[in-house]
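Participant: Here you go, query.cif (mmCIF, C-alpha atoms and all ligand atoms):
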data_structure
loop_
_atom_site.group_PDB
_atom_site.id
_atom_site.type_symbol
_atom_site.label_atom_id
_atom_site.label_comp_id
_atom_site.auth_asym_id
_atom_site.auth_seq_id
_atom_site.Cartn_x
_atom_site.Cartn_y
_atom_site.Cartn_z
ATOM 1 C CA ASN U 1 0.284 14.407 -9.211
ATOM 2 C CA TYR U 2 -1.778 11.270 -8.639
ATOM 3 C CA ALA U 3 -2.731 10.566 -5.062
ATOM 4 C CA SER U 4 -4.748 13.617 -4.145
ATOM 5 C CA GLY U 5 -8.473 14.416 -4.299
ATOM 6 C CA GLU U 6 -9.958 14.422 -7.776
ATOM 7 C CA LYS U 7 -6.995 12.776 -9.500
ATOM 8 C CA LEU U 8 -7.050 9.776 -7.185
ATOM 9 C CA GLY U 9 -10.861 9.677 -7.456
ATOM 10 C CA ASP U 10 -10.565 9.526 -11.247
ATOM 11 C CA ILE U 11 -8.041 6.690 -11.130
ATOM 12 C CA VAL U 12 -10.234 4.696 -8.741
ATOM 13 C CA SER U 13 -13.536 5.299 -10.542
ATOM 14 C CA LYS U 14 -12.404 5.252 -14.185
ATOM 15 C CA ASP U 15 -9.337 2.997 -14.253
ATOM 16 C CA ALA U 16 -9.640 0.565 -11.367
ATOM 17 C CA PHE U 17 -13.308 0.153 -10.411
ATOM 18 C CA PRO U 18 -14.700 -0.906 -13.835
ATOM 19 C CA ARG U 19 -12.275 -3.873 -13.860
ATOM 20 C CA PHE U 20 -13.239 -4.783 -10.286
ATOM 21 C CA LYS U 21 -16.945 -4.539 -11.173
ATOM 22 C CA LYS U 22 -16.445 -6.790 -14.210
ATOM 23 C CA ALA U 23 -14.597 -9.387 -12.105
ATOM 24 C CA VAL U 24 -17.406 -9.322 -9.479
ATOM 25 C CA ALA U 25 -20.058 -9.721 -12.230
ATOM 26 C CA GLU U 26 -18.208 -12.808 -13.498
ATOM 27 C CA LYS U 27 -18.898 -14.459 -10.108
ATOM 28 C CA LYS U 28 -22.594 -14.476 -11.167
ATOM 29 C CA GLY U 29 -23.887 -13.816 -7.654
ATOM 30 C CA GLU U 30 -22.075 -16.807 -6.101
ATOM 31 C CA ALA U 31 -20.260 -16.366 -2.794
ATOM 32 C CA PHE U 32 -16.523 -15.721 -3.209
ATOM 33 C CA TYR U 33 -13.460 -14.775 -1.183
ATOM 34 C CA PRO U 34 -12.998 -11.055 -1.893
ATOM 35 C CA SER U 35 -9.250 -10.678 -1.314
ATOM 36 C CA PRO U 36 -8.043 -11.438 -4.898
ATOM 37 C CA LEU U 37 -10.549 -8.963 -6.333
ATOM 38 C CA ILE U 38 -9.534 -6.305 -3.814
ATOM 39 C CA SER U 39 -5.952 -6.866 -4.879
ATOM 40 C CA LEU U 40 -7.075 -6.278 -8.494
ATOM 41 C CA LEU U 41 -8.719 -3.010 -7.426
ATOM 42 C CA VAL U 42 -5.840 -1.683 -5.345
ATOM 43 C CA GLY U 43 -3.196 -3.120 -7.711
ATOM 44 C CA ASN U 44 -4.764 -1.268 -10.624
ATOM 45 C CA VAL U 45 -4.742 2.027 -8.700
ATOM 46 C CA ILE U 46 -1.038 1.688 -7.911
ATOM 47 C CA ALA U 47 -0.142 0.304 -11.375
ATOM 48 C CA THR U 48 -1.985 3.181 -13.068
ATOM 49 C CA ILE U 49 -0.062 5.657 -10.921
ATOM 50 C CA CYS U 50 3.353 3.998 -11.309
ATOM 51 C CA PHE U 51 3.295 2.429 -14.787
ATOM 52 C CA GLY U 52 0.351 4.139 -16.500
ATOM 53 C CA LYS U 53 -0.950 0.556 -17.030
ATOM 54 C CA LYS U 54 -4.252 -1.158 -16.253
ATOM 55 C CA TYR U 55 -4.655 -4.902 -15.758
ATOM 56 C CA GLU U 56 -7.443 -7.474 -15.978
ATOM 57 C CA LEU U 57 -7.526 -10.139 -13.253
ATOM 58 C CA ASP U 58 -5.961 -12.802 -15.483
ATOM 59 C CA ASP U 59 -3.253 -10.586 -17.007
ATOM 60 C CA PRO U 60 0.025 -12.557 -16.690
ATOM 61 C CA GLU U 61 1.991 -9.445 -15.631
ATOM 62 C CA PHE U 62 -0.573 -8.617 -12.949
ATOM 63 C CA MET U 63 -0.514 -12.207 -11.684
ATOM 64 C CA ARG U 64 3.281 -11.988 -11.542
ATOM 65 C CA ILE U 65 3.150 -8.720 -9.549
ATOM 66 C CA VAL U 66 0.751 -10.200 -6.970
ATOM 67 C CA HIS U 67 2.609 -13.502 -6.751
ATOM 68 C CA THR U 68 6.073 -11.909 -6.442
ATOM 69 C CA LEU U 69 4.945 -9.379 -3.842
ATOM 70 C CA ASP U 70 3.316 -12.179 -1.837
ATOM 71 C CA GLU U 71 6.613 -14.025 -1.934
ATOM 72 C CA VAL U 72 8.498 -10.853 -0.859
ATOM 73 C CA ASN U 73 6.111 -10.325 2.080
ATOM 74 C CA ASN U 74 6.265 -13.967 3.126
ATOM 75 C CA ALA U 75 10.054 -13.936 2.854
ATOM 76 C CA PHE U 76 10.255 -10.830 5.072
ATOM 77 C CA GLY U 77 8.063 -12.752 7.501
ATOM 78 C CA ASN U 78 8.348 -11.569 11.072
ATOM 79 C CA GLY U 79 11.917 -10.405 10.567
ATOM 80 C CA HIS U 80 15.254 -12.239 10.483
ATOM 81 C CA VAL U 81 18.085 -12.698 12.939
ATOM 82 C CA ALA U 82 20.128 -10.567 10.501
ATOM 83 C CA ASP U 83 17.858 -7.594 11.305
ATOM 84 C CA PHE U 84 19.214 -7.639 14.831
ATOM 85 C CA LEU U 85 22.689 -9.127 14.414
ATOM 86 C CA PRO U 86 24.280 -7.670 11.253
ATOM 87 C CA ILE U 87 26.929 -10.407 11.028
ATOM 88 C CA PHE U 88 24.105 -12.808 10.043
ATOM 89 C CA ARG U 89 23.627 -10.854 6.783
ATOM 90 C CA CYS U 90 26.720 -12.607 5.463
ATOM 91 C CA ILE U 91 25.428 -16.054 6.382
ATOM 92 C CA PRO U 92 23.164 -17.481 3.689
ATOM 93 C CA THR U 93 20.419 -18.806 5.974
ATOM 94 C CA ARG U 94 17.314 -20.214 4.280
ATOM 95 C CA GLY U 95 15.280 -17.102 5.181
ATOM 96 C CA ILE U 96 17.822 -14.632 3.806
ATOM 97 C CA THR U 97 18.357 -16.674 0.618
ATOM 98 C CA ARG U 98 14.604 -16.777 0.024
ATOM 99 C CA LEU U 99 14.302 -13.034 0.685
ATOM 100 C CA LYS U 100 17.145 -12.185 -1.685
ATOM 101 C CA ARG U 101 15.645 -14.387 -4.410
ATOM 102 C CA ALA U 102 12.204 -12.803 -3.990
ATOM 103 C CA MET U 103 13.615 -9.253 -3.965
ATOM 104 C CA LYS U 104 15.696 -9.947 -7.067
ATOM 105 C CA GLU U 105 12.648 -11.104 -9.004
ATOM 106 C CA TRP U 106 10.574 -8.196 -7.719
ATOM 107 C CA LEU U 107 13.141 -5.545 -8.649
ATOM 108 C CA GLN U 108 13.595 -7.128 -12.102
ATOM 109 C CA LEU U 109 9.861 -6.759 -12.648
ATOM 110 C CA ILE U 110 9.943 -3.062 -11.702
ATOM 111 C CA GLN U 111 13.098 -2.507 -13.777
ATOM 112 C CA HIS U 112 11.423 -4.080 -16.802
ATOM 113 C CA ASN U 113 8.652 -1.448 -16.592
ATOM 114 C CA ILE U 114 11.173 1.337 -16.136
ATOM 115 C CA ASP U 115 13.186 0.115 -19.160
ATOM 116 C CA GLU U 116 10.032 -0.003 -21.300
ATOM 117 C CA GLN U 117 9.211 3.607 -20.430
ATOM 118 C CA LYS U 118 12.818 4.689 -20.819
ATOM 119 C CA MET U 119 12.809 3.337 -24.382
ATOM 120 C CA GLU U 120 9.672 5.347 -25.166
ATOM 121 C CA PHE U 121 11.235 8.354 -23.472
ATOM 122 C CA ASN U 122 14.426 8.070 -25.519
ATOM 123 C CA LYS U 123 12.340 7.829 -28.699
ATOM 124 C CA GLY U 124 11.049 11.294 -27.778
ATOM 125 C CA ASN U 125 7.737 10.153 -26.276
ATOM 126 C CA THR U 126 8.217 12.268 -23.124
ATOM 127 C CA GLY U 127 4.527 12.708 -22.338
ATOM 128 C CA ILE U 128 4.050 9.331 -20.567
ATOM 129 C CA LYS U 129 1.647 9.949 -17.695
ATOM 130 C CA SER U 130 2.999 7.852 -14.854
ATOM 131 C CA LEU U 131 5.217 8.157 -11.811
ATOM 132 C CA ILE U 132 8.056 6.491 -13.760
ATOM 133 C CA GLY U 133 7.573 8.964 -16.627
ATOM 134 C CA ASP U 134 7.607 11.876 -14.178
ATOM 135 C CA ILE U 135 10.792 10.760 -12.450
ATOM 136 C CA LEU U 136 12.562 10.117 -15.767
ATOM 137 C CA ARG U 137 11.544 13.594 -16.915
ATOM 138 C CA ILE U 138 12.843 15.195 -13.703
ATOM 139 C CA GLN U 139 16.078 13.207 -14.000
ATOM 140 C CA LYS U 140 16.605 14.386 -17.585
ATOM 141 C CA GLU U 141 15.663 18.020 -16.904
ATOM 142 C CA ALA U 142 18.090 18.188 -13.994
ATOM 143 C CA PHE U 143 20.803 16.648 -16.147
ATOM 144 C CA LEU U 144 20.208 19.084 -19.042
ATOM 145 C CA ALA U 145 20.116 22.046 -16.647
ATOM 146 C CA GLY U 146 23.534 20.987 -15.397
ATOM 147 C CA ASP U 147 22.031 20.773 -11.919
ATOM 148 C CA GLU U 148 24.902 19.748 -9.676
ATOM 149 C CA GLN U 149 22.621 17.388 -7.756
ATOM 150 C CA ALA U 150 21.314 15.732 -10.938
ATOM 151 C CA ASP U 151 23.403 12.617 -10.499
ATOM 152 C CA GLN U 152 21.935 12.085 -7.031
ATOM 153 C CA LEU U 153 18.670 10.842 -8.544
ATOM 154 C CA THR U 154 20.164 7.549 -9.632
ATOM 155 C CA ASP U 155 18.490 4.741 -11.531
ATOM 156 C CA ILE U 156 18.386 2.819 -8.253
ATOM 157 C CA ASN U 157 16.443 5.710 -6.661
ATOM 158 C CA VAL U 158 13.937 5.560 -9.511
ATOM 159 C CA ARG U 159 13.484 1.810 -9.125
ATOM 160 C CA GLN U 160 13.267 1.991 -5.337
ATOM 161 C CA THR U 161 10.704 4.826 -5.365
ATOM 162 C CA VAL U 162 8.406 2.842 -7.633
ATOM 163 C CA SER U 163 9.004 -0.345 -5.650
ATOM 164 C CA ASN U 164 8.082 1.458 -2.391
ATOM 165 C CA MET U 165 4.681 2.393 -3.757
ATOM 166 C CA PHE U 166 3.799 -1.273 -4.287
ATOM 167 C CA VAL U 167 5.552 -2.762 -1.275
ATOM 168 C CA ALA U 168 4.173 -0.136 1.156
ATOM 169 C CA GLY U 169 0.818 0.472 -0.505
ATOM 170 C CA LEU U 170 -0.564 -2.782 -1.868
ATOM 171 C CA ASP U 171 -0.679 -5.286 0.977
ATOM 172 C CA THR U 172 -1.524 -2.652 3.616
ATOM 173 C CA THR U 173 -4.540 -1.421 1.677
ATOM 174 C CA ILE U 174 -5.699 -4.919 0.656
ATOM 175 C CA ASN U 175 -5.498 -6.168 4.255
ATOM 176 C CA SER U 176 -7.305 -3.095 5.593
ATOM 177 C CA LEU U 177 -10.137 -3.509 3.062
ATOM 178 C CA ASP U 178 -10.234 -7.252 3.754
ATOM 179 C CA TRP U 179 -10.747 -6.572 7.459
ATOM 180 C CA ALA U 180 -13.327 -3.874 6.678
ATOM 181 C CA ILE U 181 -15.376 -6.424 4.728
ATOM 182 C CA ALA U 182 -14.951 -9.005 7.491
ATOM 183 C CA TYR U 183 -16.200 -6.566 10.154
ATOM 184 C CA LEU U 184 -19.097 -5.343 7.997
ATOM 185 C CA THR U 185 -20.093 -8.981 7.473
ATOM 186 C CA TYR U 186 -19.842 -9.798 11.163
ATOM 187 C CA TYR U 187 -21.696 -6.616 12.186
ATOM 188 C CA PRO U 188 -24.659 -6.359 9.759
ATOM 189 C CA ARG U 189 -26.141 -3.450 11.721
ATOM 190 C CA VAL U 190 -22.982 -1.428 11.066
ATOM 191 C CA GLN U 191 -23.113 -2.455 7.397
ATOM 192 C CA GLU U 192 -26.717 -1.220 7.159
ATOM 193 C CA LYS U 193 -25.794 2.136 8.675
ATOM 194 C CA VAL U 194 -22.841 2.545 6.285
ATOM 195 C CA HIS U 195 -25.093 1.718 3.342
ATOM 196 C CA GLN U 196 -27.804 4.079 4.568
ATOM 197 C CA GLU U 197 -25.390 6.969 4.985
ATOM 198 C CA ILE U 198 -24.045 6.506 1.436
ATOM 199 C CA ASP U 199 -27.606 6.197 0.031
ATOM 200 C CA ASP U 200 -28.713 9.348 1.888
ATOM 201 C CA ILE U 201 -25.735 11.562 1.116
ATOM 202 C CA ILE U 202 -24.398 10.284 -2.231
ATOM 203 C CA GLY U 203 -27.393 8.526 -3.793
ATOM 204 C CA HIS U 204 -27.092 5.922 -6.530
ATOM 205 C CA ASN U 205 -25.774 7.897 -9.470
ATOM 206 C CA ARG U 206 -22.155 8.455 -8.564
ATOM 207 C CA PHE U 207 -19.214 7.205 -6.502
ATOM 208 C CA PRO U 208 -18.379 8.558 -3.073
ATOM 209 C CA MET U 209 -15.213 10.654 -3.568
ATOM 210 C CA LEU U 210 -12.529 11.775 -1.123
ATOM 211 C CA ALA U 211 -14.170 15.217 -0.940
ATOM 212 C CA ASP U 212 -17.339 13.543 0.427
ATOM 213 C CA LYS U 213 -15.482 12.302 3.489
ATOM 214 C CA VAL U 214 -16.600 15.244 5.642
ATOM 215 C CA SER U 215 -20.248 14.458 4.819
ATOM 216 C CA LEU U 216 -19.912 10.754 5.681
ATOM 217 C CA PRO U 217 -18.949 10.767 9.382
ATOM 218 C CA TYR U 218 -20.239 7.259 10.091
ATOM 219 C CA CYS U 219 -18.336 5.733 7.135
ATOM 220 C CA GLU U 220 -15.198 7.485 8.298
ATOM 221 C CA ALA U 221 -15.684 6.263 11.870
ATOM 222 C CA VAL U 222 -16.011 2.682 10.574
ATOM 223 C CA ILE U 223 -12.830 2.966 8.472
ATOM 224 C CA ARG U 224 -10.886 4.424 11.391
ATOM 225 C CA GLU U 225 -12.188 1.773 13.780
ATOM 226 C CA VAL U 226 -11.087 -0.996 11.363
ATOM 227 C CA LEU U 227 -7.615 0.612 11.141
ATOM 228 C CA ARG U 228 -7.484 0.787 14.951
ATOM 229 C CA ILE U 229 -8.700 -2.659 15.909
ATOM 230 C CA ARG U 230 -6.608 -4.456 13.262
ATOM 231 C CA THR U 231 -3.233 -2.716 13.265
ATOM 232 C CA ILE U 232 -1.818 -3.778 9.901
ATOM 233 C CA ILE U 233 1.771 -2.759 10.760
ATOM 234 C CA PRO U 234 1.939 -3.201 14.553
ATOM 235 C CA PHE U 235 5.481 -1.843 14.938
ATOM 236 C CA ALA U 236 5.312 0.671 12.060
ATOM 237 C CA VAL U 237 8.675 0.775 10.267
ATOM 238 C CA PRO U 238 12.028 1.055 12.024
ATOM 239 C CA HIS U 239 13.348 4.563 12.637
ATOM 240 C CA ALA U 240 16.639 5.797 14.114
ATOM 241 C CA THR U 241 17.815 8.865 15.978
ATOM 242 C CA THR U 242 20.319 11.044 14.114
ATOM 243 C CA CYS U 243 21.312 12.948 17.298
ATOM 244 C CA ASN U 244 20.870 12.739 21.085
ATOM 245 C CA THR U 245 17.248 13.601 21.816
ATOM 246 C CA SER U 246 14.362 13.117 24.253
ATOM 247 C CA VAL U 247 10.763 12.000 23.880
ATOM 248 C CA GLY U 248 8.213 12.206 26.703
ATOM 249 C CA GLY U 249 10.975 12.683 29.255
ATOM 250 C CA TYR U 250 13.060 9.727 28.027
ATOM 251 C CA GLN U 251 16.616 10.424 26.891
ATOM 252 C CA ILE U 252 17.417 8.671 23.625
ATOM 253 C CA PRO U 253 21.035 8.604 22.427
ATOM 254 C CA LYS U 254 22.132 9.196 18.846
ATOM 255 C CA ASP U 255 21.993 6.136 16.536
ATOM 256 C CA SER U 256 19.354 4.306 18.590
ATOM 257 C CA TRP U 257 16.988 2.018 16.785
ATOM 258 C CA ILE U 258 13.389 3.163 17.387
ATOM 259 C CA TRP U 259 10.304 0.980 17.062
ATOM 260 C CA CYS U 260 6.904 2.569 17.652
ATOM 261 C CA ASN U 261 4.352 0.170 19.127
ATOM 262 C CA LEU U 262 1.261 1.237 17.198
ATOM 263 C CA TRP U 263 -0.635 -1.833 18.367
ATOM 264 C CA ASN U 264 -0.279 -0.657 21.959
ATOM 265 C CA VAL U 265 -1.526 2.834 21.060
ATOM 266 C CA HIS U 266 -4.585 1.263 19.450
ATOM 267 C CA MET U 267 -5.327 -1.216 22.245
ATOM 268 C CA ASP U 268 -4.301 0.702 25.389
ATOM 269 C CA GLU U 269 -7.024 0.421 28.042
ATOM 270 C CA ASN U 270 -5.978 3.806 29.417
ATOM 271 C CA HIS U 271 -7.281 5.410 26.243
ATOM 272 C CA TRP U 272 -9.987 3.052 24.983
ATOM 273 C CA GLU U 273 -12.842 1.834 27.158
ATOM 274 C CA HIS U 274 -13.216 -1.525 25.404
ATOM 275 C CA PRO U 275 -10.265 -1.815 23.020
ATOM 276 C CA ASN U 276 -11.167 -5.352 21.903
ATOM 277 C CA GLU U 277 -14.660 -4.364 20.815
ATOM 278 C CA PHE U 278 -15.452 -3.028 17.351
ATOM 279 C CA ARG U 279 -17.287 0.216 18.162
ATOM 280 C CA PRO U 280 -17.253 2.737 15.276
HETATM 281 C C1 LIG U 301 -4.509 1.328 4.876
HETATM 282 C C2 LIG U 301 -3.388 1.373 4.178
HETATM 283 C C3 LIG U 301 -2.048 1.732 4.769
HETATM 284 C C4 LIG U 301 -1.567 1.562 6.041
HETATM 285 C C5 LIG U 301 -2.282 0.932 7.235
HETATM 286 C C6 LIG U 301 -0.218 2.103 6.055
HETATM 287 C C7 LIG U 301 0.596 2.146 7.170
HETATM 288 C C8 LIG U 301 1.856 2.693 7.215
HETATM 289 C C9 LIG U 301 2.682 2.790 8.399
HETATM 290 C C10 LIG U 301 2.280 2.343 9.787
HETATM 291 C C11 LIG U 301 3.858 3.346 8.026
HETATM 292 C C12 LIG U 301 5.041 3.648 8.932
HETATM 293 C C13 LIG U 301 5.035 5.079 9.382
HETATM 294 C C14 LIG U 301 6.214 5.391 10.229
HETATM 295 O O1 LIG U 301 6.622 4.589 11.080
HETATM 296 O O2 LIG U 301 6.775 6.489 10.066
HETATM 297 C C15 LIG U 301 3.788 3.614 6.601
HETATM 298 C C16 LIG U 301 4.796 4.187 5.856
HETATM 299 C C17 LIG U 301 4.754 4.333 4.492
HETATM 300 N N1 LIG U 301 3.687 4.085 3.659
HETATM 301 FE FE1 LIG U 301 1.890 3.395 4.239
HETATM 302 N N2 LIG U 301 0.098 2.564 4.813
HETATM 303 C C18 LIG U 301 -0.974 2.360 3.987
HETATM 304 C C19 LIG U 301 -1.082 2.684 2.636
HETATM 305 C C20 LIG U 301 -0.046 3.168 1.870
HETATM 306 C C21 LIG U 301 -0.128 3.451 0.449
HETATM 307 C C22 LIG U 301 -1.390 3.256 -0.401
HETATM 308 C C23 LIG U 301 1.102 3.883 0.049
HETATM 309 C C24 LIG U 301 1.600 4.299 -1.310
HETATM 310 C C25 LIG U 301 1.043 3.966 -2.441
HETATM 311 C C26 LIG U 301 1.962 3.885 1.221
HETATM 312 C C27 LIG U 301 3.280 4.262 1.230
HETATM 313 C C28 LIG U 301 4.055 4.365 2.374
HETATM 314 C C29 LIG U 301 5.452 4.806 2.366
HETATM 315 C C30 LIG U 301 6.251 5.217 1.119
HETATM 316 C C31 LIG U 301 5.884 4.793 3.694
HETATM 317 C C32 LIG U 301 7.254 5.191 4.221
HETATM 318 C C33 LIG U 301 7.209 6.641 4.558
HETATM 319 C C34 LIG U 301 8.532 7.141 5.098
HETATM 320 O O3 LIG U 301 9.569 6.617 4.726
HETATM 321 O O4 LIG U 301 8.489 8.033 5.914
HETATM 322 N N3 LIG U 301 1.221 3.452 2.301
HETATM 323 N N4 LIG U 301 2.543 3.207 6.141
#
Any chance you could put this one into structure tokens?

Facilitator:
Amino acid sequence: NYASGEKLGDIVSKDAFPRFKKAVAEKKGEAFYPSPLISLLVGNVIATICFGKKYELDDPEFMRIVHTLDEVNNAFGNGHVADFLPIFRCIPTRGITRLKRAMKEWLQLIQHNIDEQKMEFNKGNTGIKSLIGDILRIQKEAFLAGDEQADQLTDINVRQTVSNMFVAGLDTTINSLDWAIAYLTYYPRVQEKVHQEIDDIIGHNRFPMLADKVSLPYCEAVIREVLRIRTIIPFAVPHATTCNTSVGGYQIPKDSWIWCNLWNVHMDENHWEHPNEFRP
């Protein structure tokens, strides 16, 4: 409903970008560190999708989202002993205590937005255009239809689905864009070529949209090269086998923990001539 083609383009260009542009204009041409403004841009895309809300840079709720998510990410850190030795989950180490505190605050923040929309929903305002609104609608429709699986979409599922969008989508996108800016700054020739391609194909009167991707091969090559050379999630997310299986000739038993080394895929000299060089 939100993250494809034109709909996503609309959210970026109409909801998120104007606020970003305003915040850049307020810098009055002075040099600045772009990360907080990128977080405003990406945060507004995800908040528009999830909550149907838009934020200015100094909005207290937006500041709380960014601050709490930062704390969650820092508390996750590079993992905890408890990730590997389950018995440690019961031991309140400093890391686990900090993580639990951060997660509690984060989930309260999401729940607050869900409760707000639920109140509107219960008042009969069922047309809220947001992911939360959609899930609440689906939950209610299934319940009214007497769908036997209706109670499987619990309130925790709703909260977790919305939380995933922020936790998985915000930092990854901000860091990727941060690195893109860093590389374009360090390689001005690449920056010029990117600019030229956009000027030639798109012109100055509109935004590049997702549908333009096929006409902007150099821009796409630059984005992909940034994603390769700076692997934002080097070990992806943990997976597990649900049955005995094999991959590439290796036997993997049921219930094995699987980590995929994306960093190695991106930096393997067998596949890339000069993996440490930025070569879009
Ligand atoms: C450049 C930005 C992004 C990068 C580099 C990135 C990277 C990744 C990686 C490596 C995984 C693990 C895949 C796996 O092991 O199966 C993943 C999973 C996921 N990502 Fe992203 N991601 C980005 C943006 C986003 C955005 C914008 C969203 C949503 C708003 C999102 C939502 C998710 C979710 C929900 C999963 C878990 C999927 C599952 O459970 O199978 N990601 N992402």

Participant: Have a look at U:Val162, U:Ile38, U:Ile65, U:Leu216 and name the one nearest to ligand LIG 301 (chain U); count only C-alpha atoms and all ligand atoms.

Facilitator: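 The shortest atom-to-atom distance to ligand LIG 301 (chain U) comes from U:Val162.
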
Participant: Selected by the PyMOL selection byres (((not hetatm)) within 6 of (chain U and resi 301)) in the shown coordinates: which residues, as a list of chain:residue names?

Facilitator: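 Evaluating the PyMOL selection byres (((not hetatm)) within 6 of (chain U and resi 301)) on these coordinates yields U:Asn164, U:Met165, U:Ala168, U:Gly169, U:Thr172, U:Thr173, U:Ser176, U:Ile232, U:Ile233, U:Ala236, U:Val237.
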
Participant: Would you mind reading off the distance between CA of Ala25 (chain U) and CA of Asp58 (chain U), one decimal, in Å?

Facilitator: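 So the answer is 14.8 Å.
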
Participant: Identify all residues satisfying the PyMOL selection byres (((chain U and resi 129-146) around 8) and not hetatm) in the given file; provide them as a list of chain:residue names.

Facilitator: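 Expected selection for the PyMOL selection byres (((chain U and resi 129-146) around 8) and not hetatm) here is U:Thr48, U:Ile49, U:Cys50, U:Phe51, U:Gly52, U:Ile114, U:Gln117, U:Lys118, U:Phe121, U:Thr126, U:Gly127, U:Ile128, U:Asp147, U:Glu148, U:Gln149, U:Ala150, U:Asp151, U:Leu153, U:Val158, U:Val162.
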
Participant: Calculate how many Å separate CA of Pro208 (chain U) from CA of Gly9 (chain U), rounding to one decimal.

Facilitator: 8.8 Å

Participant: So that I can check the surroundings of Glu105 (chain U), please list as a list of chain:residue names every protein, DNA and RNA residue that reaches within 12 Å of it, counting only C-alpha atoms and ignoring chain neighbours fewer than 3 positions away.

Facilitator: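 Once the nearby chain positions are removed, what remains is U:Arg64, U:Ile65, U:His67, U:Thr68, U:Leu69, U:Asp70, U:Glu71, U:Val72, U:Arg98, U:Leu99, U:Lys100, U:Arg101, U:Ala102, U:Gln108, U:Leu109, U:Ile110, U:Gln111, U:His112, U:Ser163.
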
Participant: Since I can't run it myself right now, could you work out what the PyMOL selection byres (((chain U and resi 266-268) around 10) and not hetatm) selects here and report it as number ranges by chain?

Facilitator: U: 225, 227-231, 234, 261-265, 269-277

Participant: Expressed in Å to a single decimal, how great is the separation between CA of Pro60 (chain U) and CA of Ala75 (chain U)?

Facilitator: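 CA of Ala75 (chain U) lies at a distance of 22.0 Å from CA of Pro60 (chain U).
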
Participant: May I have the residues within 8 Å of region 32-36 of chain U as a PDB file with C-alpha atoms, in the frame of the given file, using all atoms listed in the file and disregarding those fewer than 5 positions away in the same chain?

Facilitator:
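Result file follows (out.pdb):
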ATOM      1  CA  LYS U  27     -18.898 -14.459 -10.108  1.00  0.00           C
ATOM      2  CA  ILE U 174      -5.699  -4.919   0.656  1.00  0.00           C
ATOM      3  CA  ASP U 178     -10.234  -7.252   3.754  1.00  0.00           C
TER       4      ASP U 178
END

Participant: Would you compute, for all listed atoms of region 82-88 of chain U, the axis-aligned bounding box grown by 5 Å on each side, and then report its centre and edge lengths in Å rounded to one decimal, as AutoDock Vina command-line options?

Facilitator:
--center_x 22.4 --center_y -10.2 --center_z 12.4 --size_x 19.1 --size_y 15.2 --size_z 14.8

Participant: Can you tell me which residues surround Val81 (chain U) at a distance of at most 12 Å, considering only C-alpha atoms, apart from same-chain residues fewer than 3 positions away, and format the answer as a list of chain:residue names?

Facilitator: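 In the requested form, the answer reads U:Phe76, U:Gly77, U:Asn78, U:Phe84, U:Leu85, U:Pro86, U:Ile87, U:Phe88, U:Arg89, U:Cys90, U:Ile91, U:Pro92, U:Thr93, U:Arg94, U:Gly95, U:Ile96.
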
Participant: Counting all atoms listed in the file, what are the residues of region 33-113 of chain U within 8 Å of region 13-24 of chain U, and for each of them which pair of atoms is the nearest and at what distance in Å, to one decimal? Sort the table by chain and rising number, as JSON lines.

Facilitator:
{"residue": "U:Leu37", "atom": "CA", "partner": "U:Phe20", "partner_atom": "CA", "distance": 6.4}
{"residue": "U:Ile38", "atom": "CA", "partner": "U:Phe20", "partner_atom": "CA", "distance": 7.6}
{"residue": "U:Leu40", "atom": "CA", "partner": "U:Phe20", "partner_atom": "CA", "distance": 6.6}
{"residue": "U:Leu41", "atom": "CA", "partner": "U:Ala16", "partner_atom": "CA", "distance": 5.4}
{"residue": "U:Val42", "atom": "CA", "partner": "U:Ala16", "partner_atom": "CA", "distance": 7.5}
{"residue": "U:Asn44", "atom": "CA", "partner": "U:Ala16", "partner_atom": "CA", "distance": 5.3}
{"residue": "U:Val45", "atom": "CA", "partner": "U:Ala16", "partner_atom": "CA", "distance": 5.8}
{"residue": "U:Thr48", "atom": "CA", "partner": "U:Asp15", "partner_atom": "CA", "distance": 7.4}
{"residue": "U:Lys54", "atom": "CA", "partner": "U:Asp15", "partner_atom": "CA", "distance": 6.9}
{"residue": "U:Tyr55", "atom": "CA", "partner": "U:Arg19", "partner_atom": "CA", "distance": 7.9}
{"residue": "U:Glu56", "atom": "CA", "partner": "U:Arg19", "partner_atom": "CA", "distance": 6.4}
{"residue": "U:Leu57", "atom": "CA", "partner": "U:Ala23", "partner_atom": "CA", "distance": 7.2}

Participant: In terms of the shortest atom-to-atom distance over all atoms listed in the file, which of U:Met63, U:Ile201, U:Ile258, U:Asn122 is closest to Ser215 (chain U)?

Facilitator: U:Ile201

Participant: Write out as a ChimeraX atom specification each polymer residue whose atoms come within 12 Å of Glu220 (chain U), counting all atoms listed in the file; drop sequence neighbours fewer than 2 positions from it.

Facilitator: /U:180,193-194,197-198,208,210,212-218,222-227,280

Participant: When you count only C-alpha atoms, which of these residues is closest to Ser39 (chain U): U:Val247, U:Ala211, U:Leu177, U:Val190?

Facilitator: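 Distance minimum relative to Ser39 (chain U) lands on U:Leu177.
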